[in-house]
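Trainee: Let me begin by handing over the structure; questions about it come next.
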Amino acid sequence: MGSFLLATPALAEPREVRVGVYQNEPKIFMSPQDQPTGILGDLLVEIGKREGWTLRAVACEWQACLNALQAGNIDLMPDVAYTEQRTRLFDLHRIPSLLSWSQLYKHGGGQINSMLDLKGKRVAVLAGSVQQDYLKDVLAGFGVQAELVPVQSLNEGFEMVAARAADAAAANRFFGDLQGATYGLNATPIMFQPSQLFYATGKGRNADLLTAIDRSLGEWQPRPDSPYFKVLKRWMEAPAPSFIPTYVWWGLGALVALLSLALAAGALLRREVAVKTRHLRDSEDLLSTILNSVDAHIYIKGTDLCYQYANRKVCELFGRSLEEVVGKADSEFFDSATVARLRLNDMRVLLQGERVEEEETLPSRDGLQTHTYISVKLPLRHADGRIYALCGISTDISKHKKAEAAIHQLAFYDPLTQLPNRRFLMERVQQTLAASERGKQGGAMLFIDVDNFKDLNDTVGHDMGDLLLCQVAGRLRACTRAQDTLARLGGDEFVVMLQALSPLPDEAAQQARQAAMKILKTIEAPYQLGTQLHQTSVSIGIAMFSDQHSSRDELLKQADLAMYQAKTDGRNTLRFFNPDMQAQVTARTALEADLHQAMAASEFLLHYQPQVNCDGQWLGVEALLRWQHPQRGLIPPLEFIPIAESSGLILPLGRWILATACRQLVAWSALDGKSHLSIAVNVSARQFHQADFVQDVQQALRASGANPQRLALELTESQLLDDVDGVVVKMTALKAMGVRFSLDDFGTGYSSLSMLKRLPLDQLKIDQSFVRDVLTDPQDASIIKAIVTLGASLELQVIAEGVETVAQRDALMALGCQKFQGYLFGRPAPADPAPVGVGHPSLTEG
């Protein structure tokens with residue numbers, strides 16, 4: 001075995017890594033220099049350069065490689081697809097190195113369009129591979145009797161199909177798309193087992209290798225200019241057939257005819273008398289000039305497969321003169337695998353007299369690159385029909401192939417996250433629905449939407465938004481299995497299609513729920529966006545593959561509706577689709593249309609709920625928005641506030657609330673018993689993060705003439721997490737005017753003590769969820785006591801909301817709380833200009 005030394009740090013002892021290499025082009029195979037190459041081989045070389053490893057390539061067949069890895073005779077094995085069984089035998093890194101799927105390939109004469117067509121046929125499959133187990137189970141599920149023929153290499157499987165010893169062969173799409181044409185095989189529509197590929201180590205061995213691989217993949221995969229994508233661009237080619245313009249075929253045909261005529265003429269002239277020798281030499285020189293000026297590789301090989309003629313392009317490819325090429329075979333210029341592929345096509349011409357038109361892949365002179373050629377090979381015959389040579393014309397179509405690969409990437413993958421896009425997903429859903437019907441397997445679609453993503457874009461910019469989406473995509477990858485499909489639909493919407501779930505609906509639904517819960521938990525961990533930490537969540541809608549007649553569009557629509565139900569129910573949760581959701585969405589759409597008319601029709605009003613001290617004396621009120629719908633009556637805020645936020649109406653609505661509250665302060669300032677009251681106004685996150693929010697508040701105060709010291713703005717903890725510096729600037733500017741600030745629902749968010757110290761707050765509001773169980777839950781009582789103590793230490797007022805009973809008030813007083821709000825002291829009610837006394841007055845009593 002060959003070995004090679006990668007660049008290592010100057011003072012570090014190089015780490016020797018024994019790498020198992022089996023032939024599976026273009027993912028992994030042995031180069032002529034006995035080095036691992038291909039997509040996964042070159043990627044490992046790049047990681048090795050970075051880590052200072054010495055890689056020692058160990059050639060082995062697939063099963064032998066796995067046995068050596070398990071025995072500890074090699075350290076690392078590329079191209080290992082994830083299965084639960086393999087995770088019990090080997091250790092894998094976390095981030096997949098490559099995504100692939102399997103496909104069946106057949107010879108030109110076979111008719112194989114579905115699993116049912118495999119009845120009575122022989123299918124070559126790699127021994128010990130995941131394809132072997134999968135096909136065995138699927139064929140059993142279909143009740144199809146087919147013979148699975150184990151082979152030791154993918155090349156052996158393709159050779160069997162080419163020789164009609166088997167009807168089809170299973171291979172990964174990289175190998176199949178690259179080698180299918182070489183063996184005269186065509187891809188069938190049967191695609192299965194999308195898989196994530198990893199590097200594997202023996203169980204409990206070489207954890208440092210896996211950590212280093214994850215470190216490089218984690219840094220490289222989000223960057224299109226990284227070594228990861230350079231390796232992919234170098235190797236990955238689209239499977240679509242190449243398009244060669246018609247004029248090229250005519251030109252090639254003309255050249256073949258010209259060459260054939262010239263050679264026949266040459267053979268005849270050589271038997272002519274010596275007088276014509278000079279004319280023959282002149283004709284050959286003219287022909288050579290013509291052939292050397294053509295931008296194609298033109299050559300003649302004898303029955304011994306040695307070159308009898310090569311034009312200028314062939315000599316340049318080999319880096320040899322014509323004299324050094326003539327008489328030599330391909331083994332002088334190519335590796336053994338390439339020679340075997342070329343020989344297969346050549347012998348079809350020389351032995352069977354076929355005219356061969358195939359794509360051929362040849363390495364460059366330095367072995368670092370490969371080029372794809374469209375080759376036309378035809379037999380040259382004596383007058384009696386005997387074949388004495390073949391004439392070949394090969395045209396380099398590498399640029400065409402790269403363009404096709406780029407088009408395929410653009411057509412089927414999202415450029416930001418590198419995930420499959422909507423088009424890819426919809427094609428995969430169609431295939432999965434059909435397979436689910438035939439195989440009676442369960443499946444589910446998870447529609448995932450990032451919560452409050454627009455607020456992030458509006459506050460910190462689209463660059464940070466894109467960074468968040470890439471990190472979310474990475475976490476979703478980590479949550480999905482190899483057989484599942486993850487795609488980005490666009491914006492902040494993702495879809496996970498779960499496959500191979502239980503055929504029992506209840507069990508399948510439980511499996512889908514577990515997968516969604518894993519996603520919710522993974523997504524909610526903090527994100528590092530530049531210098532700031534950001535907290536986010538997702539809402540997930542789930543639609544099950546329960547209706548065999550559902551179309552892919554209907555399934556996606558159902559999952560979308562379920563996601564909106566999750567949004568409505570508070571976000572950071574999951575919901576399953578049911579028929580009632582359609583009616584709810586229809587009602588929501590109608591309500592949104594009414595909401596647009598409500599502002600112009602003056603249908604909104606403010607109710608006020610008192611805030612009192614221990615003696616029941618009024619200190620102020622909280623302004624609460626109500627919508628007096630002309631047909632539906634009074635609509636609760638929880639029904640229309642989320643719609644106002646998503647539609648953008650929350651901004652003009654928020655300005656109206658501020659202006660109305662300020663005018664009410666002015667009205668009360670002239671009344672005995674009310675002039676001392678303050679009004680607390682809730683401010684939405686979207687409203688507060690507007691660049692002109694400070695000016696909006698200033699305008700409301702100036703236009704009404706209200707006393708700023710009687711106005712309090714209530715913020716929630718979630719509004720403070722993003723752009724803390726900007727929040728402090730706005731709060732400080734408003735504090736300078738006299739406006740006060742209250743932190744609403746305190747204790748339910750993510751506030752830190754350091755952040756509380758920075759914010760110019762005046763008051764903390766104890767969330768009603770703690771007040772509700774203060775009499776029965778000692779933990780809630782302890783939390784309230786801690787908030788009261790914290791408020792005192794920071795010189796902040798503390799008020800408890802949701803107080804409904806005397807017993808709750810007394811318990812709160814015993815814990816040190818002295819200000820209250822709740823139904824015990826008054827329900828929200830409209831304002832009234834009549835005087836209000838102390839004690840327990842009503843807003844409407846005179």
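Ordering of the structure tokens sets the chain letters (A, B, ...), residue numbers begin anew at 1 in every chain, and ligands are numbered from 1 in the order given.
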Can you list, as number ranges by chain, every protein, DNA or RNA residue that comes within 12 Å of Glu316 in chain A when you count only C-alpha atoms, leaving out same-chain residues fewer than 4 positions away?

Mentor: A: 292, 295-298, 310-312, 320-322, 324-325, 333, 364-365

Trainee: Per DSSP on the backbone, filter range 488-656 of chain A down to the residues in helix (DSSP H, G or I) and report them as an NGL selection string.

Mentor: :A and (505-523 or 552-568 or 580-598 or 637-647 or 650-656)

Trainee: What's the 10 Å shell around Leu606 in chain A, counting only C-alpha atoms, without same-chain residues fewer than 6 positions away, as a PyMOL selection string?

Mentor: chain A and resi 622-627+657+660-661+664+828-831

Trainee: Looking at only C-alpha atoms, which of A:Lys301, A:Arg343, A:Arg758, A:Arg809 is the one that sits closest to Val771 in chain A?

Mentor: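 Answer, going by the shortest atom-to-atom distance: A:Arg809.
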
Trainee: Leaving out Ile448 in chain A and any residue of its chain fewer than 2 positions from it, which residues lie within 7 Å of it when counting only C-alpha atoms, given as a PyMOL selection string?

Mentor: chain A and resi 446+450+493-495+538-541+563

Trainee: The selected residues should be written to file as a short mmCIF file (atom, residue, chain, number, x, y, z; two decimals), in the first residue's frame (atoms: C-alpha atoms).

Mentor:
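The resulting file, again_21.cif, is shown below:
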data_model
loop_
_atom_site.label_atom_id
_atom_site.label_comp_id
_atom_site.auth_asym_id
_atom_site.auth_seq_id
_atom_site.Cartn_x
_atom_site.Cartn_y
_atom_site.Cartn_z
CA LEU A 446 -43.71 18.38 9.15
CA VAL A 450 -39.40 30.06 12.48
CA GLU A 493 -40.19 27.84 6.12
CA PHE A 494 -38.76 24.31 6.18
CA VAL A 495 -40.31 20.88 5.61
CA VAL A 538 -40.38 27.18 15.64
CA SER A 539 -44.01 26.24 15.12
CA ILE A 540 -44.63 22.83 13.54
CA GLY A 541 -47.66 21.55 11.66
CA MET A 563 -48.52 25.04 11.41
#

Trainee: For CA of Arg663 in chain A and CA of Phe693 in chain A, quote the distance in Å rounded to one decimal.

Mentor: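 Computed distance, CA of Arg663 in chain A to CA of Phe693 in chain A, equals 18.4 Å.
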
Trainee: So, counting only C-alpha atoms, which residue among A:Leu135, A:Leu390, A:Leu368, A:Cys470 is closest to Gln35 in chain A?

Mentor: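 Distance minimum relative to Gln35 in chain A lands on A:Leu368.
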
Trainee: Taking the DSSP secondary structure from the backbone, can you list the residues of range 415-563 of chain A that are strand (DSSP E), as a ChimeraX atom specification?

Mentor: /A:442-450,485-490,493-501,527-529,532-534,538-544

Trainee: From the list A:Met445, A:Ile47, A:Ala792, A:Ala337, which residue is nearest Arg215 in chain A when using only C-alpha atoms?

Mentor: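 Closest to Arg215 in chain A of all the choices is A:Ile47.
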